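**Student:** After the structure tokens below, expect a handful of questions from me.
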Amino acid sequence: PDVLVFESEPLIEDVTISGPIIANLFASTSGTDADWVVKVIDVLPGNTPNNEPNPAGVRMGDFQMLLAGEVFRGKYRESYETPKPMVPDRVTPITFDLRDRNHTFRKGHRIMVQVQSSWFPLIDRNPGKFTDIYHARPSEYQSTRQRIYRSPTQPSHLLLQVMTRPSTN
């Protein structure tokens, strides 16, 4: 329930992306710091056959293959050298790089984007408070609410390059 998910319909043709994937979020938190995690996922069709041999029993139908995922700490949105607290409940632009990718989403697959504010235990927890996280005491951790905005004036989106096929005409 705490992961925002966007998923395309099954693709009617292959879609190839190449180059950087940039997350442009318009976000707010009820605290003074928050983590922002964006993931790009290739979702296989439900009828995808399982790999054989398959000793782990991994079902390939509807499998979600992580293509790109990155976490960004809100206090570094303007500078890594001079972190700044976020203003509680103020919509703030946050931009970060999910690194370069060269990938083809095949016909019948779906493109999924997930946005969340924690990736624990992969990434340490953010206390939701502008502090030195590595020395934060348990009493400094607080429950916070994160929001992602999408509107003409606050257009959260991913920026990526879609490769086109040369015309056969």
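Simple scheme: letters A, B, ... for chains in structure tokens order, numbers from 1 for residues in each chain, numbers from 1 for ligands in the order shown.
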Please identify all polymer residues within 7 Å of range 16-18 of chain A, counting only C-alpha atoms, omitting same-chain residues fewer than 3 positions from it, and present them as a PyMOL selection string.
**Tutor:** chain A and resi 101-105+160-163
**Student:** Hey, can you check how far CA of Gly31 in chain A sits from CA of Val115 in chain A?
**Tutor:**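 Atom-to-atom, CA of Gly31 in chain A and CA of Val115 in chain A are spaced 17.8 Å apart.
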**Student:** Which residues are near Ser8 in chain A? Cut-off 8 Å, only C-alpha atoms, ignore same chain within fewer than 6 positions. Put them as a PyMOL selection string.
**Tutor:** chain A and resi 110-112
**Student:** Which of chain A counts as helix (DSSP H, G or I) under DSSP, as a VMD selection string please?
**Tutor:** chain A and resid 74 to 76 133 to 135 138 to 140
**Student:** Using only C-alpha atoms, which of the listed residues (A:Pro166, A:Asp35, A:Ile12, A:Gly61) sits closest to Ile123 in chain A?
**Tutor:**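 Among A:Pro166, A:Asp35, A:Ile12, A:Gly61, it is A:Asp35 that comes nearest to Ile123 in chain A.
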**Student:** Pick out the closest residue to Phe130 in chain A from this set: A:Leu11, A:Val87, A:Leu98, A:Val113. Count only C-alpha atoms.
**Tutor:**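 Of A:Leu11, A:Val87, A:Leu98, A:Val113, the one nearest Phe130 in chain A, counting only C-alpha atoms, is A:Val87.
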**Student:** List as a PyMOL selection string the protein and nucleic acid residues near Gln116 in chain A, meaning an atom at most 10 Å away when only C-alpha atoms are counted, but skip any in the same chain fewer than 4 places from it.
**Tutor:** chain A and resi 1-5+35-39+71+146-148
**Student:** Can those selected residues be exported to a file as a PDB file, in the first residue's frame so that it contains N, CA and C atoms?
**Tutor:**
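Output (part.pdb):
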ATOM      1  N   PRO A   1       0.803  -1.221   0.000  1.00  0.00           N
ATOM      2  CA  PRO A   1       0.000   0.000   0.000  1.00  0.00           C
ATOM      3  C   PRO A   1       0.840   1.277   0.000  1.00  0.00           C
ATOM      4  N   ASP A   2       2.136   1.169   0.277  1.00  0.00           N
ATOM      5  CA  ASP A   2       2.979   2.372   0.331  1.00  0.00           C
ATOM      6  C   ASP A   2       3.875   2.515  -0.887  1.00  0.00           C
ATOM      7  N   VAL A   3       3.527   1.831  -1.965  1.00  0.00           N
ATOM      8  CA  VAL A   3       4.275   1.936  -3.221  1.00  0.00           C
ATOM      9  C   VAL A   3       3.314   2.442  -4.294  1.00  0.00           C
ATOM     10  N   LEU A   4       3.682   3.545  -4.946  1.00  0.00           N
ATOM     11  CA  LEU A   4       2.895   4.088  -6.046  1.00  0.00           C
ATOM     12  C   LEU A   4       3.306   3.346  -7.313  1.00  0.00           C
ATOM     13  N   VAL A   5       2.339   2.746  -8.013  1.00  0.00           N
ATOM     14  CA  VAL A   5       2.641   1.905  -9.172  1.00  0.00           C
ATOM     15  C   VAL A   5       1.935   2.441 -10.411  1.00  0.00           C
ATOM     16  N   ASP A  35      13.461   9.802   1.777  1.00  0.00           N
ATOM     17  CA  ASP A  35      14.096   9.131   0.650  1.00  0.00           C
ATOM     18  C   ASP A  35      13.061   8.962  -0.452  1.00  0.00           C
ATOM     19  N   TRP A  36      13.549   9.005  -1.691  1.00  0.00           N
ATOM     20  CA  TRP A  36      12.682   8.812  -2.855  1.00  0.00           C
ATOM     21  C   TRP A  36      13.309   7.705  -3.687  1.00  0.00           C
ATOM     22  N   VAL A  37      12.557   6.646  -3.918  1.00  0.00           N
ATOM     23  CA  VAL A  37      13.024   5.487  -4.675  1.00  0.00           C
ATOM     24  C   VAL A  37      12.172   5.386  -5.927  1.00  0.00           C
ATOM     25  N   VAL A  38      12.830   5.290  -7.088  1.00  0.00           N
ATOM     26  CA  VAL A  38      12.119   5.094  -8.356  1.00  0.00           C
ATOM     27  C   VAL A  38      12.689   3.841  -9.005  1.00  0.00           C
ATOM     28  N   LYS A  39      11.789   2.966  -9.456  1.00  0.00           N
ATOM     29  CA  LYS A  39      12.195   1.727 -10.117  1.00  0.00           C
ATOM     30  C   LYS A  39      11.484   1.618 -11.466  1.00  0.00           C
ATOM     31  N   VAL A  71      17.792   5.281  -5.357  1.00  0.00           N
ATOM     32  CA  VAL A  71      17.267   5.995  -4.198  1.00  0.00           C
ATOM     33  C   VAL A  71      17.949   7.350  -4.122  1.00  0.00           C
ATOM     34  N   GLN A 146       4.574  10.769   2.608  1.00  0.00           N
ATOM     35  CA  GLN A 146       5.148  11.270   1.367  1.00  0.00           C
ATOM     36  C   GLN A 146       4.068  11.320   0.290  1.00  0.00           C
ATOM     37  N   ARG A 147       4.166  12.322  -0.582  1.00  0.00           N
ATOM     38  CA  ARG A 147       3.234  12.442  -1.702  1.00  0.00           C
ATOM     39  C   ARG A 147       3.999  12.752  -2.977  1.00  0.00           C
ATOM     40  N   ILE A 148       3.488  12.209  -4.073  1.00  0.00           N
ATOM     41  CA  ILE A 148       4.005  12.494  -5.411  1.00  0.00           C
ATOM     42  C   ILE A 148       2.878  13.193  -6.164  1.00  0.00           C
TER      43      ILE A 148
END
**Student:** Nearest to Pro10 in chain A: which of A:Leu25, A:Leu67, A:Ala34, A:Leu44 is it, counting only C-alpha atoms?
**Tutor:**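 Going through A:Leu25, A:Leu67, A:Ala34, A:Leu44 one by one, the smallest distance to Pro10 in chain A is for A:Leu44.
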**Student:** Can you work out the spacing between CA of Asn54 in chain A and CA of Leu122 in chain A in Å, to one decimal?
**Tutor:** 26.2 Å
**Student:** Give me the residues within 9 Å of Phe96 in chain A as a list in words, counting only C-alpha atoms and dropping any in the same chain fewer than 5 places off.
**Tutor:** Ile21, Ile22, Ala23, Asn24, Leu25, Glu70, Val71, Phe72 and Arg77 of chain A
**Student:** From a DSSP calculation on the backbone, collect every residue of chain A in strand (DSSP E or B) and output the set as JSON, numbers by chain.
**Tutor:** {"A": [4, 5, 6, 7, 15, 16, 17, 18, 19, 20, 21, 22, 23, 24, 25, 26, 27, 28, 29, 35, 36, 37, 38, 39, 40, 41, 42, 43, 64, 65, 66, 67, 68, 69, 70, 71, 72, 73, 92, 93, 94, 95, 96, 97, 98, 99, 100, 101, 102, 103, 104, 105, 110, 111, 112, 113, 114, 115, 116, 146, 147, 148, 150, 155, 157, 158, 159, 162, 163]}
**Student:** For Pro88 in chain A, work out the shell of residues within 7 Å, counting only C-alpha atoms and skipping chain neighbours fewer than 4 positions away, then give it as a PyMOL selection string.
**Tutor:** chain A and resi 29-32
**Student:** Go ahead and save the picked residues with all heavy atoms, as a PDB file, in the first residue's frame.
**Tutor:**
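Written file, out.pdb:
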ATOM      1  N   THR A  29       6.859  15.837   1.769  1.00  0.00           N
ATOM      2  CA  THR A  29       6.907  14.974   2.940  1.00  0.00           C
ATOM      3  C   THR A  29       6.399  15.767   4.130  1.00  0.00           C
ATOM      4  O   THR A  29       6.538  16.995   4.169  1.00  0.00           O
ATOM      5  CB  THR A  29       8.334  14.449   3.204  1.00  0.00           C
ATOM      6  OG1 THR A  29       8.312  13.627   4.379  1.00  0.00           O
ATOM      7  CG2 THR A  29       9.339  15.571   3.389  1.00  0.00           C
ATOM      8  N   SER A  30       5.828  15.068   5.072  1.00  0.00           N
ATOM      9  CA  SER A  30       5.379  15.749   6.286  1.00  0.00           C
ATOM     10  C   SER A  30       6.538  15.972   7.258  1.00  0.00           C
ATOM     11  O   SER A  30       6.388  16.673   8.247  1.00  0.00           O
ATOM     12  CB  SER A  30       4.262  14.947   6.961  1.00  0.00           C
ATOM     13  OG  SER A  30       4.730  13.656   7.325  1.00  0.00           O
ATOM     14  N   GLY A  31       7.689  15.399   6.948  1.00  0.00           N
ATOM     15  CA  GLY A  31       8.879  15.591   7.778  1.00  0.00           C
ATOM     16  C   GLY A  31       9.810  16.628   7.179  1.00  0.00           C
ATOM     17  O   GLY A  31       9.394  17.454   6.358  1.00  0.00           O
ATOM     18  N   THR A  32      11.080  16.560   7.569  1.00  0.00           N
ATOM     19  CA  THR A  32      12.089  17.483   7.027  1.00  0.00           C
ATOM     20  C   THR A  32      13.137  16.758   6.193  1.00  0.00           C
ATOM     21  O   THR A  32      14.085  17.383   5.709  1.00  0.00           O
ATOM     22  CB  THR A  32      12.767  18.269   8.172  1.00  0.00           C
ATOM     23  OG1 THR A  32      13.283  17.348   9.141  1.00  0.00           O
ATOM     24  CG2 THR A  32      11.780  19.235   8.823  1.00  0.00           C
TER      25      THR A  32
END
**Student:** Just checking: using only C-alpha atoms, which residue out of A:Ala27, A:Val43, A:Ile133, A:Val15 ends up closest to Gln154 in chain A?
**Tutor:**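 Answer, going by the shortest atom-to-atom distance: A:Ala27.
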**Student:** Which one is closest to Val91 in chain A: A:His135, A:Gly46, A:Gly74, A:Ser117? Count only C-alpha atoms.
**Tutor:** A:Gly74
**Student:** Please measure the separation of CA of Arg145 in chain A and CA of Tyr76 in chain A, giving the value in Å to one decimal.
**Tutor:** 18.8 Å
